[in-house]
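Trainee: A single structure is presented below for examination.
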Amino acid sequence: MKKAIILINTGSPKSLEVGDVRSFLENFLSDKRVLNMPSMIRLPLVKGIIVPSRASRSRDKYALIWEEEGAPLVLRTAELANEVQRISGIPTFTAMRYEKDSVGHALDKASQLGCEEVVLAPLFPHYAMSSYESAVAHVADTWEMGSYSFELKCITPYYNHPIFIDALAEQVSRFVQMGEHLVFSYHGIPLSQAKPYLGNVEKDYESQCQETTRLLMGHPWVKALQLTSEVAYQSRFGSNKWLSPTLEGRLAKLPSEGHDRVAVICPSFVCDGLETIWEIGIHLKKKFGGSNLSLVACPNGSHTMARAIVDLVNNLATGADRWIAP
């Protein structure tokens with residue numbers, strides 16, 4: 001059976017032009033799984049208030065991390081796709097959830113190759129409505145509207161996959177010093193999105209984050225560093241109650257608790273982007289840590305991360321509709 005793989009990530013603005021940043025933010029924040037409110041409220045709020053007030057500031061943040069070839073998240077996703085294809089021999093494409101027509105172009109490429117099966121690999125290891133489910137639902141909708149002849153499958157959330165844990169452990173061994181305090185910073189989600197799935201092993205976000213933490217702290221390479229650790233949540237948006245504690249709140253208190261050197265790892269993200277490079281590596285580092293706060297890079301296009309994706313594609317792919325809430 002001829003197969004293709006699509007790696008899907010959040011995406012970034014196409015350029016540093018304010019118009020492109022605005023377009024990206026509108027696409028992102030208009031997603032009903034990101035801002036869970038009626039569209040008659042969500043859309044005017046996003047287009048009339050939130051985006052106009054944030055576009056220029058967001059552009060300035062992206063400018064601080066932008067590379068000569070483009071947005072880091074897009075570049076690292078492409079590097080991972082190249083490595084997945086290299087070691088698997090399976091055609092591998094990238095798609096960005098909030099880039100217009102990106103998913104359709106990736107599906108078209110698979111169709112042109114005569115593929116009978118396409119496996120979607122969301123670059124979100126944990127299940128959350130606003131990331132993993134949104135990506136899967138968008139691809140499934142595009143696939144259905146396009147009347148493609150191939151079967152669409154999706155890898156399961158892989159927060160506890162042993163090779164994914166190996167990929168994280170490699171990064172810890174590269175970036176964290178003996179005896180440091182390691183903060184696991186997971187992307188925050190509103191309690192309203194977390195509570196419906198409490199106790200559901202496949203979709204309980206907070207439980208999945210805790211399991212990733214447990215497995216990584218128990219990894220031989222990490223245990224050898226004799227680290228202390230804790231869990232926090234970053235990138236809170238709006239005034240609703242979210243999972244806690246917040247990363248910013250914990251970083252403010254750690255020095256008084258005797259943690260002089262702190263490293264932050266972000267297992268919610270396979271590839272580095274604004275939420276890691278700018279939010280932690282620039283903004284929070286300047287605000288709280290200086291030279292005493294370090295960011296552990298995401299696995300990005302590492303060989304081990306690519307091996308994890310290939311193993312998931314070959315052994316843990318299911319029907320995409322399994323991961324979409326009715």
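To be explicit about the labels: the chains of the structure tokens are called A, B, and onward in the order shown, and within each one the residues are counted from 1, while ligands get numbers from 1 in the order they are shown.
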So that I can check the surroundings of range 223-229 of chain A, please list as a list of chain:residue names every protein, DNA and RNA residue that reaches within 10 Å of it, counting only C-alpha atoms and ignoring chain neighbours fewer than 2 positions away.

Mentor: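 Everything that qualifies: A:Ala169, A:Val172, A:Ser173, A:Val176, A:Gln177, A:Met178, A:Gly179, A:Glu180, A:His181, A:Leu182, A:Val183, A:Phe184, A:Thr213, A:Arg214, A:Leu216, A:Met217, A:Gly218, A:His219, A:Pro220, A:Trp221, A:Val231, A:His259, A:Val262, A:Ala263, A:Val264.
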
Trainee: Neighbouring residues of Arg54 in chain A were defined as those with any atom within 10 Å, considering only C-alpha atoms; residues of the same chain fewer than 4 positions away were excluded. Please report them as a list in words.

Mentor: Val21, Arg22, Leu25, Ile49, Ile50, Ser58 and Arg59 of chain A

Trainee: Excluding same-chain residues fewer than 5 positions from Val136 in chain A, what lies within 10 Å of it counting only C-alpha atoms, as a PDB file with N, CA and C atoms, in the first residue's frame?

Mentor:
ATOM      1  N   ILE A   8       1.800  17.967  10.887  1.00  0.00           N
ATOM      2  CA  ILE A   8       1.060  19.228  10.998  1.00  0.00           C
ATOM      3  C   ILE A   8       1.447  19.947  12.284  1.00  0.00           C
ATOM      4  N   ARG A  97      -1.529  24.373  10.480  1.00  0.00           N
ATOM      5  CA  ARG A  97      -2.961  24.467  10.801  1.00  0.00           C
ATOM      6  C   ARG A  97      -3.552  25.823  10.454  1.00  0.00           C
ATOM      7  N   LEU A 120      -1.588  11.197   9.343  1.00  0.00           N
ATOM      8  CA  LEU A 120      -1.370  12.528   9.905  1.00  0.00           C
ATOM      9  C   LEU A 120      -0.607  12.402  11.218  1.00  0.00           C
ATOM     10  N   ALA A 121       0.424  13.228  11.376  1.00  0.00           N
ATOM     11  CA  ALA A 121       1.202  13.247  12.608  1.00  0.00           C
ATOM     12  C   ALA A 121       1.161  14.652  13.204  1.00  0.00           C
ATOM     13  N   PRO A 122       0.216  14.926  14.112  1.00  0.00           N
ATOM     14  CA  PRO A 122       0.198  16.231  14.776  1.00  0.00           C
ATOM     15  C   PRO A 122       1.452  16.380  15.645  1.00  0.00           C
ATOM     16  N   MET A 129      -7.957  19.906  23.041  1.00  0.00           N
ATOM     17  CA  MET A 129      -8.905  20.372  22.040  1.00  0.00           C
ATOM     18  C   MET A 129      -8.306  21.467  21.164  1.00  0.00           C
ATOM     19  N   SER A 131      -5.207  22.115  20.329  1.00  0.00           N
ATOM     20  CA  SER A 131      -4.007  21.824  19.540  1.00  0.00           C
ATOM     21  C   SER A 131      -4.188  20.540  18.741  1.00  0.00           C
ATOM     22  N   ASP A 141     -11.703  17.578   7.913  1.00  0.00           N
ATOM     23  CA  ASP A 141     -12.692  18.365   7.169  1.00  0.00           C
ATOM     24  C   ASP A 141     -12.206  18.652   5.744  1.00  0.00           C
ATOM     25  N   THR A 142     -10.930  19.008   5.624  1.00  0.00           N
ATOM     26  CA  THR A 142     -10.369  19.315   4.308  1.00  0.00           C
ATOM     27  C   THR A 142     -10.343  18.069   3.435  1.00  0.00           C
ATOM     28  N   LYS A 153      -5.560   8.462   8.183  1.00  0.00           N
ATOM     29  CA  LYS A 153      -5.338   7.968   9.540  1.00  0.00           C
ATOM     30  C   LYS A 153      -4.565   9.017  10.339  1.00  0.00           C
ATOM     31  N   CYS A 154      -4.447   8.767  11.623  1.00  0.00           N
ATOM     32  CA  CYS A 154      -3.770   9.727  12.501  1.00  0.00           C
ATOM     33  C   CYS A 154      -3.037   8.973  13.598  1.00  0.00           C
ATOM     34  N   ILE A 155      -1.833   9.416  13.920  1.00  0.00           N
ATOM     35  CA  ILE A 155      -1.120   8.791  15.031  1.00  0.00           C
ATOM     36  C   ILE A 155      -1.788   9.197  16.344  1.00  0.00           C
ATOM     37  N   ALA A 320      -8.880   8.859  11.911  1.00  0.00           N
ATOM     38  CA  ALA A 320      -8.786  10.229  12.403  1.00  0.00           C
ATOM     39  C   ALA A 320     -10.020  10.635  13.211  1.00  0.00           C
ATOM     40  N   ASP A 321     -11.191  10.106  12.870  1.00  0.00           N
ATOM     41  CA  ASP A 321     -12.414  10.522  13.547  1.00  0.00           C
ATOM     42  C   ASP A 321     -12.439  10.140  15.027  1.00  0.00           C
ATOM     43  N   ARG A 322     -11.561   9.225  15.418  1.00  0.00           N
ATOM     44  CA  ARG A 322     -11.482   8.822  16.814  1.00  0.00           C
ATOM     45  C   ARG A 322     -11.099   9.991  17.731  1.00  0.00           C
ATOM     46  N   TRP A 323     -10.424  10.992  17.162  1.00  0.00           N
ATOM     47  CA  TRP A 323      -9.861  12.071  17.965  1.00  0.00           C
ATOM     48  C   TRP A 323     -10.617  13.386  17.821  1.00  0.00           C
ATOM     49  N   ILE A 324     -11.801  13.319  17.236  1.00  0.00           N
ATOM     50  CA  ILE A 324     -12.590  14.536  17.030  1.00  0.00           C
ATOM     51  C   ILE A 324     -13.855  14.453  17.869  1.00  0.00           C
TER      52      ILE A 324
END

Trainee: Any idea what's packed within 9 Å of Gly146 in chain A, counting only C-alpha atoms, ignoring anything in its chain fewer than 2 positions away? Could you give it as a PyMOL selection string?

Mentor: chain A and resi 104+107-108+141-144+148

Trainee: Go through range 50-86 of chain A residue by residue and, counting only C-alpha atoms, keep those with an atom at most 7 Å from range 287-304 of chain A; for each kept residue give the shortest atom pair and its distance in Å to one decimal, ordered by chain and increasing number, as a Markdown table.

Mentor:
| residue | atom | partner | partner_atom | distance |
| --- | --- | --- | --- | --- |
| A:Arg76 | CA | A:Asn300 | CA | 5.5 |
| A:Thr77 | CA | A:Asn300 | CA | 6.9 |
| A:Glu79 | CA | A:Gly301 | CA | 5.1 |
| A:Leu80 | CA | A:Gly301 | CA | 3.8 |
| A:Glu83 | CA | A:His303 | CA | 6.6 |

Trainee: Since we have the selection now, will you write its residues out, keeping C-alpha atoms, as a compact mmCIF listing (two decimals), in the first residue's frame?

Mentor:
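Output below, filename selection-v8.txt:
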# COMPACT_ATOMS: atom_id res chain seq x y z
CA ARG A 76 12.24 23.06 12.22
CA THR A 77 9.07 21.26 11.10
CA GLU A 79 13.78 19.60 8.98
CA LEU A 80 11.88 16.97 10.94
CA GLU A 83 14.52 13.28 8.58

Trainee: Go through A:Pro255, A:Gly114, A:Pro72, A:Pro245 and flag the residue nearest Lys2 in chain A, using only C-alpha atoms for the distances.

Mentor: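 The shortest atom-to-atom distance to Lys2 in chain A comes from A:Gly114.
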
Trainee: Looking only at helix (DSSP H, G or I) from DSSP on the backbone, list the matching residues of range 10-207 of chain A as an NGL selection string.

Mentor: :A and (18-29 or 39-65 or 72-88 or 102-112 or 129-146 or 162-175 or 191-197 or 205-207)

Trainee: Calculate how many Å separate CA of Glu67 in chain A from CA of Asp20 in chain A, rounding to one decimal.

Mentor: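 For CA of Glu67 in chain A relative to CA of Asp20 in chain A, the distance reads 16.2 Å.
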
Trainee: Just to confirm, what's the straight-line distance from CA of Val201 in chain A to CA of His161 in chain A in Å (one decimal)?

Mentor: 14.0 Å

Trainee: Could you tell me which of A:Leu7, A:Lys285, A:Tyr127, A:Val118 comes closest to Val84 in chain A if we count only C-alpha atoms?

Mentor: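 So, comparing all the options, the nearest one is A:Leu7.
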
Trainee: Mind giving me the straight-line distance from CA of Leu123 in chain A to CA of Tyr158 in chain A in Å, one decimal?

Mentor: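 According to the coordinates, CA of Leu123 in chain A and CA of Tyr158 in chain A are separated by 9.6 Å.
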
Trainee: Given the choices A:Asp311, A:Glu99, A:Asp272, A:Glu133, which gets closest to Ala325 in chain A if the distance is worked out from only C-alpha atoms?

Mentor: A:Glu133
